[in-house]
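Student: Following this message is one structure expressed as structure tokens.
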Number of protein chains: 4
Amino acid sequence: MNKPPLIVIGGSSERSQETMGAFQEFPQVEACRLYTKFSARPSSIETIPSIIEKAVRSSIYGRPGPCYVDIPADFVNLQVNVNSVKYVECCMPPPVSMAETSAVYMAASVIRNAKRPLLIIGKGAAYAHAEEALRKLVEQCKLPFLPTPMGKGVIPDNHQYCVSAARSRALQFADVIVLFGARLNWILHFGLPPRYQPDVKFIQVDICAEELGNNVKPAVTLLGDTNAVTKQLLEQFNKTPWQYPPESSWWQTLREKMKSNEAASKELASQKSLPMNYYTVFYHVQEQLPRDCFVVSEGANTMDIGRTVIQNYLPRHRLDAGTFGTMGIGLGFAIAAAIVAKDRNPGQRVICVEGDSAFGFSGMEVETICRYNLPIVLLVVNNNGIYQGFDADSWKEMLKFGDATAVAPPVCLLPNSHYEQVMTAFGGKGYFVQTPEELQKSLKQSLADTTKPSLLNIMIEPQATRKAQDFHWLTRSNM
Amino acid sequence: MNKPPLIVIGGSSERSQETMGAFQEFPQVEACRLYTKFSARPSSIETIPSIIEKAVRSSIYGRPGPCYVDIPADFVNLQVNVNSVKYVECCMPPPVSMAETSAVYMAASVIRNAKRPLLIIGKGAAYAHAEEALRKLVEQCKLPFLPTPMGKGVIPDNHQYCVSAARSRALQFADVIVLFGARLNWILHFGLPPRYQPDVKFIQVDICAEELGNNVKPAVTLLGDTNAVTKQLLEQFNKTPWQYPPESSWWQTLREKMKSNEAASKELASQKSLPMNYYTVFYHVQEQLPRDCFVVSEGANTMDIGRTVIQNYLPRHRLDAGTFGTMGIGLGFAIAAAIVAKDRNPGQRVICVEGDSAFGFSGMEVETICRYNLPIVLLVVNNNGIYQGFDADSWKEMLKFGDATAVAPPVCLLPNSHYEQVMTAFGGKGYFVQTPEELQKSLKQSLADTTKPSLLNIMIEPQATRKAQDFHWLTRSNM
Amino acid sequence: MNKPPLIVIGGSSERSQETMGAFQEFPQVEACRLYTKFSARPSSIETIPSIIEKAVRSSIYGRPGPCYVDIPADFVNLQVNVNSVKYVECCMPPPVSMAETSAVYMAASVIRNAKRPLLIIGKGAAYAHAEEALRKLVEQCKLPFLPTPMGKGVIPDNHQYCVSAARSRALQFADVIVLFGARLNWILHFGLPPRYQPDVKFIQVDICAEELGNNVKPAVTLLGDTNAVTKQLLEQFNKTPWQYPPESSWWQTLREKMKSNEAASKELASQKSLPMNYYTVFYHVQEQLPRDCFVVSEGANTMDIGRTVIQNYLPRHRLDAGTFGTMGIGLGFAIAAAIVAKDRNPGQRVICVEGDSAFGFSGMEVETICRYNLPIVLLVVNNNGIYQGFDADSWKEMLKFGDATAVAPPVCLLPNSHYEQVMTAFGGKGYFVQTPEELQKSLKQSLADTTKPSLLNIMIEPQATRKAQDFHWLTRSNM
Amino acid sequence: MNKPPLIVIGGSSERSQETMGAFQEFPQVEACRLYTKFSARPSSIETIPSIIEKAVRSSIYGRPGPCYVDIPADFVNLQVNVNSVKYVECCMPPPVSMAETSAVYMAASVIRNAKRPLLIIGKGAAYAHAEEALRKLVEQCKLPFLPTPMGKGVIPDNHQYCVSAARSRALQFADVIVLFGARLNWILHFGLPPRYQPDVKFIQVDICAEELGNNVKPAVTLLGDTNAVTKQLLEQFNKTPWQYPPESSWWQTLREKMKSNEAASKELASQKSLPMNYYTVFYHVQEQLPRDCFVVSEGANTMDIGRTVIQNYLPRHRLDAGTFGTMGIGLGFAIAAAIVAKDRNPGQRVICVEGDSAFGFSGMEVETICRYNLPIVLLVVNNNGIYQGFDADSWKEMLKFGDATAVAPPVCLLPNSHYEQVMTAFGGKGYFVQTPEELQKSLKQSLADTTKPSLLNIMIEPQATRKAQDFHWLTRSNM
């Protein structure tokens with residue numbers, strides 16, 4: 001199973017009323033053009049199957065992406081002779097392509113000669129189901145690797161060669177970087193200094209030819225299915241075995257940096273002051289999460305810090321706001337994941353970690369969660385605001401001097417909102433969580449109950465933020 | 001004050017990172033093209049004022065509509081010499097144009113000769129502030145009129161010449177119809193039989209030339225500002241006074257139909273069975289609403305039936321899902337109205353009448369309402385579903401036989417959801433309302449409290465619907 | 001007759017082959033969106049009449065513009081029951097609107113108080129058939145006026161109050177400017193200094209509300225049909241007669257500047273050196289042109305200089321490259337004009353004045369001209385290049401030193417091309433013209449022959465250019 | 001050298017004048033979106049190199065296509081510090097990918113088991129430089145092949161296994177068809193009955209994943225570079241040698257059909273009646289054409305029939321109107337080819353075979369041809385019209401009865417136009433050709449002269465058409 005097709009079926013107004021001011025008349029196919037790989041309206045009911053087939057196929061062949069099919073209102077009640085319908089079979093699984101043999105050879109040679117190698121595992125590797133091949137490559141060659149947000153879990157986050165805890169350091173000093181289905185976009189700082197060495201050699205493995213060479217001039221490009229290409233690389237290292245020395249100074253540097261970063265996180269996590277900080281919350285969450293759960297997340301600090309603490313052990317089990325950083329997708333993702341889990345693996349849990357601001361985009365979807373009785377565990381990490389929140393005490397203090405809206409910064413939300421009641425309103429369980437003990441207890445209860453959704457409204461210090469960074473996540477690249 | 005400008009200011013990614021895969025990189029100006037009258041990005045910080053002026057002006061000159069201005073991320077921190085900025089003054093109020101004198105004369109003549117005249121007052125009349133002129137015209141000539149959903153209140157709904165209660169009849173048998181800023185789109189059934197006489201004469205008053213002649217061949221077109229043109233018509237009837245005989249058989253027909261319709265509504269409203277039906281709810285709401293309140297509404301039956309019972313007495317005080325029937329706009333409209341009220345007329349109330357399904361689109365905005373402490377009164381008319389809901393007892397009955405999701409029709413929502421708790425979660429007042437008495441009491445309390453928002457979750461009979469109609473609202477026109 | 005509708009009917013591929021890779025498959029309706037006021041495909045053969053009606057109406061109602069109607073290939077051979085077709089009548093002539101009375105009053109007052117008034121007559125005045133009203137206004141108030149390129153002829157160019165010969169001066173020093181259907185775009189230098197006084201008062205008369213206020217803050221805006229509004233202004237000056245003193249220093253300034261400019265042109269025109277210059281050519285052309293001919297023109301210097309010398313005496317008889325400066329439209333315009341002339345006024349001639357570079361865009365249309373035997377007189381003013389040409393002697397000189405393509409500047413065309421043979425190839429008459437005498441003689445013959453098209457290939461000095469200007473036509477406005 | 005990049009550099013108006021009505025102001029980047037793989041404007045002069053690099057790369061990586069880069073007018077004169085410019089190196093040649101080994105194996109097996117195999121060689125094979133590999137495959141396995149219009153010459157048209165002369169038969173009865181870079185669009189009749197067997201097995205070799213499975217469900221898909229995949233197939237047939245029996249009944253059927261078709265063509269070609277027919281013309285042309293010349297062609301019958309007679313012996317040496325059937329591209333293609341030839345292989349000739357109607361689209365480009373003195377040989381095959389022309393005698397006969405335009409069918413052009421004079425007008429050589437002898441002689445002279453362009457205006461019978469076909473080229477597929 002590759003990435004499942006993403007087809008949006010939309011309804012437009014009756015064709016005979018077009019240009020007349022029909023109900024919700026709009027050129028929807030045209031409006032979807034910029035957002036889709038394929039956008040079309042069947043010219044008749046008879047052609048619906050072949051248009052759907054093409055939409056499904058376009059969505060999963062090549063680089064995956066969404067497609068739109070428009071069904072005008074009058075199709076819904078139209079009758080056709082069943083014999084006139086052109087039935088078509090579902091398309092075959094996506095075709096697989098491999099890289100040119102000489103390029104694979106060259107890539108292996110560049111890796112062998114690397115002083116400070118690094119593998120980056122992107123969501124393209126997850127879509128390509130490259131987990132087994134990549135794990136073999138990493139373990140056989142003893143190479144450090146780093147997942148991108150949606151590449152987490154392709155190899156488990158707690159793998160001994162995972163250097164996530166030294167992410168900035170690894171990127172900044174690597175001399176050879178192999179990208180497996182990972183784009184050099186803002187998430188990877190465009191592959192440019194100062195986040196990278198000016199002369200770093202990139203080896204790009206990608207399914208999309210047009211992606212190769214974006215922003216940097218790569219040393220080697222390997223066009224093809226990430227899984228197939230990884231196997232081609234493995235073959236090279238099988239023919240002429242090689243491994244990167246585990247006692248190299250690069251590994252030492254990385255291990256030291258990881259150690260100090262992890263210590264700093266643990267230090268923050270163990271702070272006893274209340275309200276809690278992000279690290280305290282996520283460490284307690286991580287302790288209890290089932291190994292095989294889906295983790296959905298959105299928000300700013302909540303998503304970014306949560307990603308560093310909460311671990312994924314399985315590929316395609318992390319659903320993030322993604323390249324676009326779109327807020328509001330969390331609950332929809334969680335519902336989709338829960339329905340998949342219900343069918344494929346009853347008992348498998350879905351954990352949805354939301355910032356309070358992110359939750360506000362689609363919080364009403366808890367009604368859907370409750371209606372379908374999906375036992376999702378929703379965590380709202382609540383700092384009363386966007387990026388940073390606002391302290392209720394200061395707020396009250398200020399209110400004495402006048403209008404609340406005048407004094408609260410625009411990024412503040414209502415302090416101490418009881419998001420858990422949005423869940424209880426629809427019959428799920430809600431917890432208002434203020435201490436580590438309450439967090440441990442309520443999470444335990446929520447995970448134990450496979451019959452009902454629950455929402456933990458976890459209050460944290462409004463001024464809480466991440467630990468000091470060498471670079472800000474979105475640092476301008478001084479270009 | 002005409003229709004206020006509607007400008008969306010959007011943020012795009014840093015210009016220097018364009019085409020590189022920047023954070024949320026997208027061609028936003030282009031993506032907004034289909035939705036706006038004007039969509040542009042200032043070429044430099046210096047030109048922001050003139051672009052904003054043009055956006056504001058384009059939004060309110062001619063037929064009003066939204067505009068988009070794109071501000072790239074790097075503008076936010078860029079420094080410019082203040083002297084290099086091209087400051088521009090705000091534009092003048094929209095220019096006013098009038099209809100050709102001969103066309104006005106012809107229109108007056110057609111009206112004078114009408115056997116079964118009807119005026120239709122659209123939102124264009126409201127935007128043009130034509131209320132005084134239209135009221136004079138109606139009263140002086142004793143002409144029956146009908147408002148469109150957003151034209152309600154231009155003349156009060158309880159005006160003796162308002163024939164809303166005989167809407168279908170009035171449309172179907174009129175021989176001359178004057179449209180004041182009202183389009184012949186789906187809301188007015190395209191102006192075509194069987195909803196209209198085949199030989200009905202339309203007189204169109206509109207600010208937009210391209211609107212004239214849509215779907216019908218009008219008898220007279222009056223291009224210009226609706227207020228100015230109405231005054232021109234009045235002048236004709238001042239010069240040669242005329243009035244439509246109040247005892248004509250047309251007026252008798254309309255009055256009889258209104259009477260029987262109102263009686264039917266009252267009959268429904270007075271039903272004592274529980275859960276309540278729509279009419280019972282709206283009659284009790286109507287009784288208590290302040291004359292000058294804003295009424296915001298969205299939903300299917302809730303909006304359609306509510307519109308027939310809840311009256312507007314002031315122009316531009318009804319905010320509806322509009323021509324596009326867009327769900328999810330209710331709470332945003334209510335917030336905007338409440339902020340306007342706060343500034344212009346403290347004490348003026350905003351009532352937001354939501355179907356339960358419509359509320360689900362943007363219900364989380366109650367957080368915003370509570371944060372700004374806007375004393376909006378939210379009514380969720382809750383039939384447990386879309387168009388029709390699902391009876392909790394039947395549901396439970398069915399649950400015995402298996403999975404809930406398998407038996408509930410797709411248009412059903414979770415029965416007996418406690419939407420009022422979505423309000424209490426954020427500190428507002430919530431009421432779970434099941435009887436007329438509870439409705440009266442909780443509405444009274446809500447209206448009395450000008451310090452806090454409240455939400456009444458009003459349970460109605462899941463199978464409740466409107467009374468029998470001659471035509472379905474969206475009836476196909478047999479075209 | 002207002003501006004005739006401009007509808008493009010396009011053919012797209014068969015609907016049943018859409019998305020399959022049909023012959024010339026493309027989303028044409030969508031592709032035309034940016035270029036049209038209305039772009040649509042009828043949903044069935046039955047709706048073709050109403051879509052065409054809407055396209056025609058949209059094209060001529062409000063500000064005129066092109067529309068696109070898409071007819072899929074399968075419509076061409078499809079059979080329908082003639083009774084199922086929704087026939088619709090042609091729309092009524094465009095509705096006429098007038099300006100608000102108070103604004104007209106204010107405009108008249110501003111004009112009365114002007115020290116240095118100027119009227120600018122744009123193509124909107126021509127489309128509105130405002131010629132009679134404008135002529136009365138100009139003559140009654142003795143106001144100086146200036147036509148835009150396509151506004152030429154609304155009042156004859158040789159009218160005593162036309163100040164075209166002092167264009168830059170008139171724009172630069174006027175204190176009140178009334179724009180009749182003329183936009184403040186690049187053609188009028190955006191209405192900004194240094195081409196205008198910083199405090200010049202603009203009065204804008206326009207059919208399009210969104211045009212009012214573009215680039216400047218106008219003193220008065222008069223929204224409405226230009227003809228109707230001009231009559232409203234006239235009424236003001238009839239009620240309280242007023243005229244601008246013909247002996248004012250402003251009139252003296254303008255007259256002196258015109259005199260000196262005309263003298264300079266005449267001086268250039270009378271130069272005897274060969275090859276001829278632009279002025280010599282156009283003065284001889286102007287001498288012979290019939291008063292009622294259509295003048296079509298395109299090119300850079302050819303169009304710009306030609307416009308100053310060749311006079312129009314009738315409105316809507318000049319067809320220019322227009323606001324977009326689109327090259328290649330000349331021959332198409334000439335063909336259209338000739339067909340209109342043939343029907344309405346046999347004997348009326350069409351003169352098409354082309355730069356050699358402009359002619360190259362659509363010169364093959366002489367085949368069409370010859371096929372339909374349209375007696376168009378084509379003048380190709382041939383300077384061997386774009387903006388400036390290249391001297392054949394220098395060319396030959398340079399050729400001695402190597403490759404021609406290496407030395408000829410990119411803006412040069414082939415020297416001494418015999419464009420007249422492109423006409424004789426298809427049976428028309430061709431003249432190679434090198435002297436004033438040849439020009440006089442061949443033009444005389446061409447105009448005398450109403451049975452055949454002819455082409456005069458008029459050789460001019462490759463370095464010829466316009467006389468010195470205060471400002472370059474496209475001068476940046478130092479904004 | 002793969003397919004060279006196709007980048008259009010366009011100029012837009014000055015950025016500071018955007019939204020003001022600048023000269024030729026238009027959203028060009030947006031307008032090019034539907035037509036390009038990449039459309040962008042550099043955000044500053046400094047980023048021009050990286051945008052150009054991306055445009056070039058996008059144009060040639062993956063499936064090739066055009067890109068647009070917009071340079072605003074103000075960039076042209078803007079000065080920048082040369083150090084601030086981000087120089088970037090040109091991209092590497094397109095990455096090459098191969099098909100999955102198992103799919104290649106399966107494809108080979110399907111081919112081995114074919115009863116009536118057919119290879120189709122598309123332009124994708126030409127772009128991929130697959131000529132050597134394909135020739136080996138064809139010769140080693142003795143498989144019949146068919147080129148698409150732009151795939152002609154990948155293997156020489158006169159190759160013994162080329163079955164172009166039995167095209168319809170080959171398509172209709174093949175049981176296994178291998179497509180090498182050829183799409184199943186209208187040119188290949190969508191791969192559907194009645195032009196194909198309902199159960200034909202398609203093996204698709206394509207660089208574009210989304211192309212695989214279009215319109216048919218393929219038996220095997222081979223995603224990758226056509227050259228690399230062909231080599232993979234060859235490897236299979238090297239490992240286990242196999243060849244298709246040359247004496248099979250399939251080969252016999254094809255050979256017989258070819259023989260009879262060729263005989264029919266020769267019969268037509270040898271007709272002595274005047275005016276000539278298409279076959280006579282093309283047979284004489286084919287006799288003299290140099291083996292290595294570029295053949296450019298456009299038109300309807302001219303292109304379609306010419307393609308069957310005029311042979312290509314080298315890949316990428318035929319330039320056709322292509323998938324879109326765009327008329328007007330012929331002379332531009334010829335100019336480009338001639339410039340390439342001039343640099344790479346002086347003496348190599350370019351022959352441009354134009355229908356008279358097609359020539360009319362861009363015939364004025366002969367000026368460019370003459371200016372650069374490119375020794376192109378232009379053949380205008382002149383039937384006085386579109387698809388079919390009009391006989392000058394009948395014309396004259398009809399003229400007696402009235403207006404020419406009334407009697408000539410709309411598809412007729414001016415009879416006996418002297419297109420050759422369009423060439424002589426600019427100094428090239430022109431020939432009016434009416435007999436085979438004149439054709440032979442003038443073509444001989446034209447080919448002998450490498451210093452000048454020439455144009456042969458070849459008169460053919462206006463009613464001439466192709467020989468009877470089993471199917472019309474554009475036959476509807478009864479879908």
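Here, A, B, ... name the chains of the structure tokens in the order displayed, residue numbers run from 1 inside each chain, and ligands are numbered from 1 in the same displayed order.
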Please identify all residues of chain A having at least one atom at most 6 Å from any atom of chain B, considering only C-alpha atoms, and return them as a ChimeraX atom specification.

Tutor: /A:21-24,185-186,324,360,364,371-372,405,414,417-418,421-422,425-426

Student: Which residues in stretch 38-262 of chain D does DSSP call strand (DSSP E)? List them as number ranges by chain.

Tutor: D: 38-40, 66-72, 97-99, 117-121, 145-147, 176-180, 201-206, 220-223

Student: Take the selection from the previous step and output its residues with C-alpha atoms, as a compact mmCIF listing (two decimals), in the first residue's frame.

Tutor:
```
# COMPACT_ATOMS: atom_id res chain seq x y z
CA PHE D 38 7.09 26.78 -14.42
CA SER D 39 6.12 30.43 -14.63
CA ALA D 40 7.74 33.03 -12.40
CA PRO D 66 8.00 25.16 -21.80
CA CYS D 67 8.69 27.58 -18.93
CA TYR D 68 8.11 31.31 -18.62
CA VAL D 69 10.31 33.89 -16.91
CA ASP D 70 9.00 37.42 -16.59
CA ILE D 71 11.38 40.37 -16.61
CA PRO D 72 9.71 43.66 -15.66
CA SER D 97 15.74 6.56 -14.39
CA MET D 98 15.12 2.93 -15.28
CA ALA D 99 12.16 0.63 -14.99
CA PRO D 117 3.48 -7.62 -32.00
CA LEU D 118 4.02 -3.97 -32.86
CA LEU D 119 6.40 -1.34 -31.55
CA ILE D 120 5.35 2.32 -31.68
CA ILE D 121 8.16 4.86 -31.49
CA PHE D 145 7.57 -0.80 -35.80
CA LEU D 146 5.67 2.36 -36.52
CA PRO D 147 6.87 5.90 -35.74
CA VAL D 176 0.77 -6.66 -28.26
CA ILE D 177 1.84 -3.05 -28.69
CA VAL D 178 4.90 -1.55 -27.05
CA LEU D 179 4.79 2.24 -26.82
CA PHE D 180 8.19 3.93 -26.57
CA LYS D 201 -2.01 -5.70 -24.64
CA PHE D 202 -0.21 -2.39 -24.27
CA ILE D 203 3.25 -2.12 -22.81
CA GLN D 204 3.93 1.52 -22.01
CA VAL D 205 7.46 2.91 -21.76
CA ASP D 206 7.29 6.49 -20.57
CA VAL D 220 2.87 -3.69 -18.29
CA THR D 221 4.14 -0.22 -17.46
CA LEU D 222 7.80 0.65 -17.66
CA LEU D 223 8.44 3.97 -15.98
```

Student: List the spatial neighbours of B:Val285 as JSON, numbers by chain - criterion: any atom at most 12 Å away, only C-alpha atoms, same-chain residues fewer than 2 positions off excluded.

Tutor: {"B": [269, 278, 279, 280, 281, 282, 283, 287, 288, 289, 290, 295, 306, 307, 309, 310, 311, 351, 352, 353, 377, 378, 379, 381, 436, 437, 438, 439, 440, 441, 442, 443, 444, 446, 447, 456, 458]}

Student: Convert the current residue selection to file output with C-alpha atoms, as an mmCIF file, in the first residue's frame.

Tutor:
```cif
data_model
loop_
_atom_site.group_PDB
_atom_site.id
_atom_site.type_symbol
_atom_site.label_atom_id
_atom_site.label_comp_id
_atom_site.auth_asym_id
_atom_site.auth_seq_id
_atom_site.Cartn_x
_atom_site.Cartn_y
_atom_site.Cartn_z
ATOM 1 C CA ALA B 269 -46.393 27.965 16.552
ATOM 2 C CA TYR B 278 -39.515 25.622 14.253
ATOM 3 C CA TYR B 279 -42.534 27.914 14.359
ATOM 4 C CA THR B 280 -42.999 27.631 18.108
ATOM 5 C CA VAL B 281 -39.365 28.513 18.614
ATOM 6 C CA PHE B 282 -39.309 31.481 16.267
ATOM 7 C CA TYR B 283 -42.591 32.950 17.509
ATOM 8 C CA GLU B 287 -41.808 38.225 20.782
ATOM 9 C CA GLN B 288 -38.779 39.260 22.753
ATOM 10 C CA LEU B 289 -36.301 40.558 20.205
ATOM 11 C CA PRO B 290 -35.423 44.230 20.529
ATOM 12 C CA VAL B 295 -30.221 39.362 13.284
ATOM 13 C CA GLY B 306 -36.635 31.881 10.775
ATOM 14 C CA ARG B 307 -36.567 34.480 8.055
ATOM 15 C CA VAL B 309 -41.078 34.703 11.354
ATOM 16 C CA ILE B 310 -38.329 36.891 12.770
ATOM 17 C CA GLN B 311 -38.870 40.419 11.661
ATOM 18 C CA ILE B 351 -28.870 37.798 17.804
ATOM 19 C CA CYS B 352 -27.348 34.905 15.955
ATOM 20 C CA VAL B 353 -29.783 32.205 14.900
ATOM 21 C CA VAL B 377 -27.084 35.957 21.979
ATOM 22 C CA LEU B 378 -26.546 32.727 20.083
ATOM 23 C CA LEU B 379 -29.527 30.498 19.393
ATOM 24 C CA VAL B 381 -31.920 25.520 16.810
ATOM 25 C CA PRO B 436 -41.410 27.142 25.360
ATOM 26 C CA GLU B 437 -41.214 28.246 28.978
ATOM 27 C CA GLU B 438 -37.493 27.514 29.171
ATOM 28 C CA LEU B 439 -37.041 29.344 25.911
ATOM 29 C CA GLN B 440 -38.905 32.427 27.124
ATOM 30 C CA LYS B 441 -37.033 32.511 30.386
ATOM 31 C CA SER B 442 -33.540 31.915 29.110
ATOM 32 C CA LEU B 443 -33.958 34.357 26.242
ATOM 33 C CA LYS B 444 -35.212 36.985 28.668
ATOM 34 C CA SER B 446 -29.805 36.543 27.931
ATOM 35 C CA LEU B 447 -31.239 39.755 26.583
ATOM 36 C CA LEU B 456 -29.361 28.781 23.929
ATOM 37 C CA ILE B 458 -32.920 24.826 21.678
#
```

Student: Work out how far atom CA of C:Val163 is from atom CA of C:Ala341, in Å to one decimal.

Tutor: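 It comes out at 29.7 Å.
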
Student: Quick one: pull the distance between atom CA of D:Lys37 and atom CA of A:Arg41, Å, one decimal.

Tutor: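 Separation of atom CA of D:Lys37 and atom CA of A:Arg41: 22.4 Å.
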
Student: If we count only C-alpha atoms, what is near C:Val380 at a cut-off of 6 Å, once residues fewer than 5 positions away on the same chain are taken out, given as an mmCIF file with C-alpha atoms, in the first residue's frame?

Tutor:
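Generated output (around_33.cif):
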```cif
data_model
loop_
_atom_site.group_PDB
_atom_site.id
_atom_site.type_symbol
_atom_site.label_atom_id
_atom_site.label_comp_id
_atom_site.auth_asym_id
_atom_site.auth_seq_id
_atom_site.Cartn_x
_atom_site.Cartn_y
_atom_site.Cartn_z
ATOM 1 C CA GLU C 354 1.728 50.661 -40.913
ATOM 2 C CA GLY C 355 5.262 50.766 -39.661
ATOM 3 C CA ASP C 356 7.371 48.152 -41.427
ATOM 4 C CA ASN C 457 6.004 50.768 -49.623
ATOM 5 C CA ILE C 458 7.313 54.201 -48.645
#
```

Student: C:Gln388: which residues within 12 Å, counting only C-alpha atoms, same-chain residues fewer than 2 positions away excluded, as a ChimeraX atom specification?

Tutor: /C:277-278,299-302,355-357,381-386,390-391,408-413,415,460-466

Student: Write out the residues from the selection above, keeping C-alpha atoms, as an mmCIF file, in the first residue's frame.

Tutor:
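Output contents, as saved in again19.cif:
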```cif
data_model
loop_
_atom_site.group_PDB
_atom_site.id
_atom_site.type_symbol
_atom_site.label_atom_id
_atom_site.label_comp_id
_atom_site.auth_asym_id
_atom_site.auth_seq_id
_atom_site.Cartn_x
_atom_site.Cartn_y
_atom_site.Cartn_z
ATOM 1 C CA ASN C 277 11.353 61.790 -43.181
ATOM 2 C CA TYR C 278 8.111 60.929 -41.367
ATOM 3 C CA GLY C 299 3.717 50.947 -35.293
ATOM 4 C CA ALA C 300 5.930 52.996 -33.001
ATOM 5 C CA ASN C 301 7.024 56.256 -34.603
ATOM 6 C CA THR C 302 4.726 55.653 -37.560
ATOM 7 C CA GLY C 355 5.262 50.766 -39.661
ATOM 8 C CA ASP C 356 7.371 48.152 -41.427
ATOM 9 C CA SER C 357 7.959 46.257 -38.201
ATOM 10 C CA VAL C 381 6.268 53.509 -43.792
ATOM 11 C CA ASN C 382 9.541 51.724 -44.114
ATOM 12 C CA ASN C 383 12.573 52.756 -42.094
ATOM 13 C CA ASN C 384 14.104 49.288 -42.276
ATOM 14 C CA GLY C 385 13.626 48.582 -38.623
ATOM 15 C CA ILE C 386 12.071 48.911 -35.230
ATOM 16 C CA PHE C 390 19.487 50.495 -40.677
ATOM 17 C CA ASP C 391 20.984 52.140 -43.649
ATOM 18 C CA ALA C 408 23.122 44.619 -37.714
ATOM 19 C CA PRO C 409 21.546 45.772 -34.474
ATOM 20 C CA PRO C 410 18.752 43.479 -33.333
ATOM 21 C CA VAL C 411 16.107 46.115 -34.029
ATOM 22 C CA CYS C 412 16.938 46.283 -37.733
ATOM 23 C CA LEU C 413 14.881 44.607 -40.406
ATOM 24 C CA PRO C 415 16.849 46.969 -45.667
ATOM 25 C CA ILE C 460 12.111 56.792 -45.335
ATOM 26 C CA GLU C 461 15.385 57.739 -43.763
ATOM 27 C CA PRO C 462 16.328 54.875 -41.393
ATOM 28 C CA GLN C 463 17.449 57.318 -38.729
ATOM 29 C CA ALA C 464 14.307 59.437 -39.014
ATOM 30 C CA THR C 465 12.556 60.146 -35.773
ATOM 31 C CA ARG C 466 10.158 62.609 -34.294
#
```

Student: How would you write, as a ChimeraX atom specification, the set of residues in stretch 118-195 of chain B that DSSP gives as helix (DSSP H, G or I)?

Tutor: /B:123-127,131-141,149-151,164-173,186-191

Student: Go through B:Lys467, B:Thr226, B:Gly428, B:Pro275 one by one, measure the shortest atom-to-atom distance of each to B:Pro453 using only C-alpha atoms, and give the residue with the smallest value.

Tutor: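 Closest to B:Pro453, using only C-alpha atoms: B:Gly428.
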
Student: Name the residues in contact with A:Asn227 at a cut-off of 12 Å, using only C-alpha atoms, excluding same-chain residues fewer than 3 positions from it; report them as a ChimeraX atom specification.

Tutor: /A:2,96-99,121-137,154,180-181,205-207,222-224,230-234 /D:100

Student: One decimal, Å: what's the distance from atom CA of B:Leu192 over to atom CA of C:Tyr87, could you say?

Tutor: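 Answer for the atom CA of B:Leu192 to atom CA of C:Tyr87 separation: 14.0 Å.
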
Student: Using only C-alpha atoms, which protein or nucleic acid residues come within 12 Å of A:Gln160? Drop anything in the same chain fewer than 4 positions from it, and give the result as JSON, numbers by chain.

Tutor: {"A": [135, 138, 139, 142, 143, 144, 145, 146, 155, 156, 164, 165, 246, 251, 254, 255, 258]}
